[in-house]
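Shown next: protein25.txt, containing compact mmCIF, C-alpha atoms and all ligand atoms.
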```txt
# COMPACT_ATOMS: atom_id res chain seq x y z
CA MET A 1 87.60 84.42 156.89
CA ASN A 2 91.23 83.85 155.88
CA GLU A 3 94.01 86.41 156.27
CA THR A 4 94.08 87.40 152.58
CA ILE A 5 90.36 88.20 152.52
CA LYS A 6 90.68 90.10 155.80
CA ILE A 7 93.44 92.26 154.30
CA ILE A 8 91.46 92.95 151.13
CA GLU A 9 88.35 93.84 153.16
CA SER A 10 90.37 96.13 155.41
CA LEU A 11 91.78 98.19 152.51
CA LYS A 12 90.85 101.78 153.11
CA THR A 13 91.93 105.08 151.74
CA VAL A 14 94.14 107.27 153.90
CA ARG A 15 94.87 110.76 152.65
CA LYS A 16 96.84 112.23 155.54
CA PHE A 17 100.04 110.44 156.45
CA SER A 18 102.41 110.70 159.42
CA ASP A 19 106.14 111.40 159.00
CA ARG A 20 107.01 107.77 159.76
CA ASP A 21 109.16 106.23 157.03
CA ILE A 22 108.42 102.93 155.37
CA PRO A 23 111.26 100.44 156.05
CA ASN A 24 113.34 99.70 152.94
CA GLU A 25 112.65 95.97 153.18
CA ASP A 26 108.89 96.60 153.19
CA LEU A 27 109.19 98.85 150.15
CA ALA A 28 111.22 96.14 148.40
CA THR A 29 108.51 93.56 149.22
CA ILE A 30 105.81 95.86 147.83
CA LEU A 31 107.74 96.41 144.61
CA LYS A 32 108.38 92.69 144.23
CA SER A 33 104.63 92.06 144.56
CA CYS A 34 103.88 94.55 141.78
CA VAL A 35 105.91 92.61 139.26
CA ASN A 36 104.19 89.37 140.25
CA ALA A 37 100.91 90.59 138.80
CA ALA A 38 99.55 89.08 135.59
CA THR A 39 100.99 90.55 132.41
CA ALA A 40 100.15 90.09 128.73
CA SER A 41 102.87 88.30 126.71
CA ALA A 42 105.35 88.84 129.57
CA GLN A 43 105.60 92.46 128.43
CA GLN A 44 105.15 94.13 131.85
CA ALA A 45 104.20 97.20 129.86
CA TYR A 46 104.80 99.57 132.75
CA SER A 47 107.46 101.40 134.70
CA ILE A 48 107.09 102.27 138.37
CA ILE A 49 108.70 105.48 139.54
CA VAL A 50 109.42 105.38 143.28
CA VAL A 51 109.27 108.95 144.58
CA ASP A 52 110.59 109.59 148.09
CA ASP A 53 111.13 113.34 147.80
CA LYS A 54 108.22 115.05 149.54
CA LYS A 55 108.69 118.24 147.53
CA VAL A 56 108.27 116.27 144.31
CA MET A 57 105.25 114.45 145.76
CA GLU A 58 103.70 117.79 146.64
CA LYS A 59 104.20 119.01 143.09
CA ILE A 60 102.57 115.85 141.79
CA GLY A 61 99.59 116.17 144.10
CA TYR A 62 99.77 114.43 147.49
CA ILE A 63 102.35 113.68 150.16
CA GLY A 64 102.95 110.34 151.87
CA SER A 65 106.06 108.44 152.95
CA VAL A 66 106.54 107.18 149.41
CA MET A 67 104.65 107.67 146.17
CA LEU A 68 104.66 105.01 143.48
CA VAL A 69 103.83 106.45 140.08
CA PHE A 70 102.62 103.68 137.79
CA THR A 71 103.20 104.58 134.18
CA ILE A 72 102.26 102.67 131.08
CA ASP A 73 105.62 102.27 129.41
CA LEU A 74 106.72 100.54 126.22
CA ASN A 75 110.19 102.11 126.07
CA ARG A 76 111.97 99.10 127.55
CA LEU A 77 110.44 97.04 124.73
CA VAL A 78 111.39 99.67 122.17
CA ASP A 79 115.01 99.75 123.36
CA THR A 80 115.31 95.97 123.55
CA ALA A 81 113.90 95.68 120.02
CA LYS A 82 116.47 98.18 118.77
CA TYR A 83 119.25 96.36 120.61
CA LEU A 84 118.26 93.17 118.79
CA GLY A 85 118.05 94.97 115.45
CA PHE A 86 114.26 95.21 115.16
CA GLU A 87 112.23 98.24 114.21
CA PHE A 88 109.60 98.46 116.96
CA LYS A 89 105.98 98.92 115.99
CA ILE A 90 102.67 98.59 117.73
CA GLU A 91 99.77 97.10 115.83
CA SER A 92 96.93 99.10 117.29
CA PRO A 93 97.66 102.05 119.58
CA ILE A 94 94.35 101.85 121.41
CA ALA A 95 94.47 98.06 121.84
CA ASP A 96 98.04 98.37 123.15
CA PHE A 97 96.92 101.10 125.49
CA ILE A 98 94.16 98.91 126.91
CA THR A 99 96.45 95.91 127.40
CA SER A 100 99.29 97.99 128.85
CA SER A 101 97.01 99.87 131.21
CA THR A 102 95.62 96.54 132.44
CA ASP A 103 99.18 95.35 133.17
CA THR A 104 99.88 98.61 134.95
CA ILE A 105 96.78 98.67 137.12
CA LEU A 106 97.15 95.03 138.17
CA ALA A 107 100.67 95.87 139.36
CA ALA A 108 99.34 98.91 141.24
CA GLN A 109 96.57 97.02 143.05
CA SER A 110 99.07 94.31 144.03
CA ALA A 111 101.14 97.06 145.66
CA ALA A 112 98.17 98.36 147.66
CA ILE A 113 97.24 94.89 148.94
CA THR A 114 100.81 93.98 149.84
CA ALA A 115 101.31 97.32 151.59
CA LYS A 116 98.17 96.75 153.68
CA SER A 117 99.40 93.28 154.66
CA LEU A 118 102.52 95.01 156.02
CA GLY A 119 100.45 97.55 157.99
CA ILE A 120 100.98 100.30 155.43
CA ASP A 121 97.99 102.31 154.21
CA SER A 122 97.57 103.83 150.80
CA PHE A 123 95.68 106.17 148.54
CA PHE A 124 95.17 105.92 144.77
CA SER A 125 95.07 109.19 142.87
CA ASN A 126 94.91 110.20 139.25
CA CYS A 127 96.63 113.49 140.13
CA VAL A 128 99.33 112.37 137.68
CA HIS A 129 97.14 113.32 134.77
CA ARG A 130 95.23 116.22 136.25
CA GLY A 131 96.11 119.79 135.35
CA ASN A 132 99.30 120.30 133.43
CA ILE A 133 100.32 116.73 132.66
CA ASN A 134 103.67 117.92 131.20
CA ARG A 135 104.80 118.74 134.75
CA ILE A 136 104.73 115.01 135.54
CA TYR A 137 106.79 114.17 132.45
CA ASP A 138 109.32 116.84 133.44
CA LEU A 139 109.42 116.09 137.17
CA LEU A 140 109.93 112.35 136.62
CA ASN A 141 111.95 112.52 133.40
CA LEU A 142 109.39 110.35 131.62
CA PRO A 143 109.86 109.63 127.92
CA LYS A 144 107.25 111.53 125.92
CA LYS A 145 106.69 108.64 123.53
CA TYR A 146 105.08 105.34 124.59
CA CYS A 147 104.87 106.40 128.22
CA PHE A 148 101.82 107.66 130.09
CA PRO A 149 101.44 108.20 133.85
CA MET A 150 98.37 106.16 134.83
CA ILE A 151 98.02 106.39 138.57
CA ALA A 152 99.86 107.37 141.74
CA LEU A 153 99.75 105.17 144.82
CA ILE A 154 100.67 107.13 147.92
CA LEU A 155 101.89 104.94 150.76
CA GLY A 156 102.44 105.55 154.45
CA TYR A 157 101.10 105.32 157.98
CA PRO A 158 97.99 107.33 158.87
CA ASP A 159 98.38 110.66 160.61
CA GLU A 160 96.66 110.64 164.01
CA LYS A 161 94.63 113.61 162.87
CA GLU A 162 93.27 111.79 159.82
CA THR A 163 89.52 112.11 160.22
CA LYS A 164 88.31 111.58 156.70
CA LEU A 165 88.38 107.81 156.55
CA THR A 166 85.80 106.29 154.27
CA LYS A 167 83.48 103.52 155.35
CA LYS A 168 83.83 101.37 152.30
CA GLY A 169 80.59 102.06 150.48
CA ARG A 170 80.43 99.81 147.47
CA LEU A 171 77.64 98.45 145.30
CA SER A 172 77.82 94.69 145.07
CA GLY A 173 74.49 93.44 143.77
CA PRO A 174 72.41 93.77 140.57
CA GLY A 175 73.97 96.03 137.99
CA VAL A 176 77.48 95.22 139.21
CA ILE A 177 77.55 91.43 139.20
CA HIS A 178 75.79 89.76 136.26
CA PHE A 179 75.42 86.00 136.14
CA ASN A 180 75.89 84.48 132.69
CA LYS A 181 74.32 87.39 130.81
CA TYR A 182 74.40 91.15 131.20
CA LYS A 183 71.14 92.40 132.65
CA ARG A 184 70.06 96.05 132.47
CA LEU A 185 68.55 97.37 135.70
CA ASN A 186 64.80 98.03 135.98
CA ASN A 187 63.41 101.19 137.64
CA GLN A 188 63.01 99.53 141.05
CA GLU A 189 66.63 98.39 140.98
CA LEU A 190 67.77 101.86 139.89
CA GLU A 191 65.78 103.35 142.78
CA ASN A 192 67.55 100.93 145.15
CA ILE A 193 70.92 102.09 143.87
CA VAL A 194 70.03 105.76 144.33
CA SER A 195 68.98 104.97 147.94
CA GLU A 196 72.08 102.92 148.57
CA TYR A 197 74.28 105.88 147.62
CA ASP A 198 72.24 108.08 149.99
CA ASP A 199 72.65 105.71 152.93
CA LYS A 200 74.69 107.51 155.60
CA ASP A 201 75.97 104.25 157.03
CA LYS A 202 77.37 103.17 153.70
CA HIS A 203 79.06 106.49 153.24
CA PHE A 204 80.23 106.08 149.66
CA LEU A 205 82.34 109.22 149.54
CA SER A 206 83.08 110.64 152.95
CA LEU A 207 84.91 113.60 151.43
CA ILE A 208 81.74 114.70 149.75
CA ASP A 209 79.28 114.64 152.58
CA ASP A 210 77.96 118.15 152.11
CA TRP A 211 75.59 117.42 149.22
CA ARG A 212 72.60 117.44 151.57
CA GLU A 213 73.48 120.91 152.85
CA LYS A 214 73.83 122.03 149.25
CA GLY A 215 70.17 121.17 148.73
CA TYR A 216 70.46 117.99 146.68
CA ASN A 217 67.90 115.22 147.23
CA HIS A 218 70.31 112.48 146.35
CA TYR A 219 74.07 112.05 146.33
CA LEU A 220 73.81 110.97 142.70
CA ASP A 221 72.01 114.24 141.76
CA TYR A 222 75.06 116.03 143.17
CA PHE A 223 77.46 113.65 141.45
CA TYR A 224 75.91 114.01 137.99
CA GLU A 225 75.49 117.77 138.20
CA ILE A 226 78.66 118.90 139.98
CA TRP A 227 81.19 116.18 139.29
CA LEU A 228 80.22 115.18 135.78
CA GLY A 229 78.68 118.48 134.68
CA CYS A 230 75.58 116.69 133.30
CA SER A 231 72.47 118.63 132.36
CA LYS A 232 68.97 117.34 133.01
CA LEU A 233 67.49 115.61 129.97
CA ASP A 234 65.14 118.52 129.26
CA GLU A 235 67.90 121.12 129.54
CA GLU A 236 70.32 122.18 126.84
CA ASN A 237 73.46 120.02 126.87
CA ASP A 238 76.88 121.56 127.18
CA ASN A 239 79.90 119.25 127.04
CA GLN A 240 82.39 122.12 127.14
CA VAL A 241 83.62 121.41 130.68
CA GLU A 242 84.53 117.81 129.96
CA THR A 243 86.24 118.67 126.70
CA ASN A 244 88.48 121.23 128.39
CA LYS A 245 89.19 119.11 131.45
CA TYR A 246 90.60 116.23 129.44
CA SER A 247 92.21 118.04 126.54
CA GLU A 248 95.67 117.84 128.18
CA VAL A 249 95.31 114.09 128.74
CA LYS A 250 94.25 113.68 125.13
CA LYS A 251 97.28 115.63 123.91
CA ALA A 252 99.62 113.57 126.10
CA LEU A 253 98.12 110.32 124.82
CA MET A 254 98.59 111.52 121.25
CA LYS A 255 102.21 112.48 121.94
CA ALA A 256 102.78 109.12 123.56
CA GLY A 257 101.52 107.39 120.42
CA PHE A 258 98.47 105.77 122.01
CA LEU A 259 95.90 107.96 120.25
CA SER A 260 95.91 109.25 116.73
C1 LIG A 301 91.71 106.02 139.30
C2 LIG A 301 91.43 106.62 140.65
C3 LIG A 301 91.76 107.94 140.88
C4 LIG A 301 91.46 108.54 142.10
N1 LIG A 301 91.86 109.81 142.34
C5 LIG A 301 91.58 110.39 143.53
C6 LIG A 301 92.05 111.70 143.82
O1 LIG A 301 92.80 112.30 143.05
N2 LIG A 301 91.65 112.28 144.98
C7 LIG A 301 90.87 111.62 145.88
O2 LIG A 301 90.56 112.19 146.92
N3 LIG A 301 90.44 110.35 145.67
C8 LIG A 301 90.78 109.72 144.51
N4 LIG A 301 90.38 108.44 144.27
C9 LIG A 301 89.49 107.76 145.24
C10 LIG A 301 90.23 107.11 146.38
O3 LIG A 301 91.44 106.53 145.97
C11 LIG A 301 89.36 106.01 147.02
O4 LIG A 301 89.21 104.93 146.14
C12 LIG A 301 87.99 106.47 147.41
O5 LIG A 301 88.07 107.59 148.20
C13 LIG A 301 87.26 105.35 148.17
O6 LIG A 301 87.91 105.12 149.38
P1 LIG A 301 87.91 103.69 150.04
O7 LIG A 301 88.65 102.80 149.08
O8 LIG A 301 88.59 103.85 151.37
O9 LIG A 301 86.48 103.28 150.16
C14 LIG A 301 90.75 107.80 143.09
C15 LIG A 301 90.49 106.43 142.87
C16 LIG A 301 90.83 105.84 141.68
C17 LIG A 301 90.56 104.36 141.48
```
Produce structure tokens that represent the structure in this file.
Ligand SMILES: Cc1cc2nc3c(=O)[nH]c(=O)nc-3n(C[C@H](O)[C@H](O)[C@H](O)COP(=O)(O)O)c2cc1C
Amino acid sequence: MNETIKIIESLKTVRKFSDRDIPNEDLATILKSCVNAATASAQQAYSIIVVDDKKVMEKIGYIGSVMLVFTIDLNRLVDTAKYLGFEFKIESPIADFITSSTDTILAAQSAAITAKSLGIDSFFSNCVHRGNINRIYDLLNLPKKYCFPMIALILGYPDEKETKLTKKGRLSGPGVIHFNKYKRLNNQELENIVSEYDDKDKHFLSLIDDWREKGYNHYLDYFYEIWLGCSKLDEENDNQVETNKYSEVKKALMKAGFLS
């Protein structure tokens, strides 16, 4: 196994970080890696906000040595267009959103891999668009238009008391990888997936290991009912929870011009 594969396989989420600072040169290397990621039409349709103030990190959601907030951002393009005398327009808000978010996420994953290669652990969180999303715009001075905070990557060195490390449970077979043509899973394969999620050794979500005590037969029963708020097929459906949970995100996307 080569070094790159070893680093990718050793990626793991750390949620509790020590006070140790990340050296400036390592941070610079991580940031340089971000901008090396693939990007559509050389747009780099993102901005990365480097947050080193722990009070601000706390307000955003989690504390590490440094937090990188990856935002979709077209404002640099807007300003450059204006500078050159063009009136900026986007052809399709949703198509632009998809392309820009792909640019943004590729940059973010490059940061996580580079950090790990430098002995720095990380944690991805969507805390940047949970709750009152306007607080993120205010805290980070983000433009309201054509800018949307996608994901936070919290970086640092693990706290000695960190006990909630995951064991890298991931599906990797049928239903995830399809050769040549998409293939829907049959009941036996679905059963295998349900069992795989239940496997204690695979430990898909170590933070949520109390579903058995809560009386669920399968982790996925817990996931659908508690996390997604799904009803059983023979019960009345109520989508209210989901609608409320994401209404702020929807409003922010509309303000940003990515949703009409
Ligand atoms: C888009 C996205 C948002 C996430 N948000 C959170 C979060 O807010 N809180 C959390 O505990 N885990 C969150 N996670 C999950 C962790 O980052 C991590 O992927 C998961 O715990 C699996 O850990 P592992 O990579 O060590 O196996 C998020 C992951 C992604 C990709």
A:Tyr197, A:Ile133, A:Ala38, A:Ala45: which is nearest Tyr222 (chain A), counting only C-alpha atoms?
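Of A:Tyr197, A:Ile133, A:Ala38, A:Ala45, the one nearest Tyr222 (chain A) is A:Tyr197, counting only C-alpha atoms.
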Can you pull out every residue within 9 Å of Ala115 (chain A), counting all atoms listed in the file, but drop anything in the same chain fewer than 6 positions away, and send it as a list of chain:residue names?
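The contact residues come out as A:Asp26, A:Leu27, A:Thr29, A:Ile30, A:Asp121, A:Ser122, A:Leu155, A:Gly156.
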Residue subset to file, keeping C-alpha atoms, as a CSV table (one decimal), in the frame of the given file:
```csv
chain,number,residue,atom,x,y,z
A,26,ASP,CA,108.9,96.6,153.2
A,27,LEU,CA,109.2,98.8,150.2
A,29,THR,CA,108.5,93.6,149.2
A,30,ILE,CA,105.8,95.9,147.8
A,121,ASP,CA,98.0,102.3,154.2
A,122,SER,CA,97.6,103.8,150.8
A,155,LEU,CA,101.9,104.9,150.8
A,156,GLY,CA,102.4,105.6,154.4
```
Which protein, DNA or RNA residues have an atom within 12 Å of ligand LIG 301 (chain A), counting only C-alpha atoms and all ligand atoms, as a ChimeraX atom specification?
/A:8-16,60-63,70,101,104-106,108-109,112-113,121-131,149-155,164-171,202-208
For CA of Phe17 (chain A) and CA of Ile120 (chain A), determine how far apart the two atoms are, in Å to one decimal place.
10.2 Å
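Put simply, CA of Ala111 (chain A) is 25.2 Å away from CA of Ala256 (chain A).
When only C-alpha atoms are used to measure the gap to Leu190 (chain A), the shortest distance among A:Met57, A:Arg212, A:Leu220, A:Tyr146 belongs to A:Leu220.
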Distance of CA of Val249 (chain A) from CA of Ile90 (chain A), expressed in Å to one decimal place
20.4 Å
Nearest to Ser41 (chain A) by atom-to-atom distance, counting all atoms listed in the file, from A:Gly257, A:Leu77, A:Phe223, A:Glu160
A:Leu77
With all atoms listed in the file as the basis for distance, which of A:Tyr157, A:Lys214, A:Val69, A:Ala42 is at the shortest distance from Leu118 (chain A)?
A:Tyr157
Determine, counting only C-alpha atoms, which protein, DNA and RNA residues have an atom within 7 Å of an atom of Ile7 (chain A); residues of the same chain fewer than 4 positions away are not included. Present the result as a VMD selection string.
chain A and resid 3 11 116 to 117
From the set A:Gly85, A:Asp198, A:Asp234, A:Cys147, which residue has the shortest atom-to-atom contact distance to Asp221 (chain A), counting all atoms listed in the file?
A:Asp198
Non-local contacts of Val51 (chain A) (6 Å; all atoms listed in the file; under 2 positions in same chain excluded) as a JSON list (two decimals) with C-alpha atoms, in the frame of the given file:
```
[["chain", "number", "residue", "atom", "x", "y", "z"],
["A", 53, "ASP", "CA", 111.13, 113.34, 147.80],
["A", 66, "VAL", "CA", 106.54, 107.18, 149.41],
["A", 67, "MET", "CA", 104.65, 107.67, 146.17]]
```
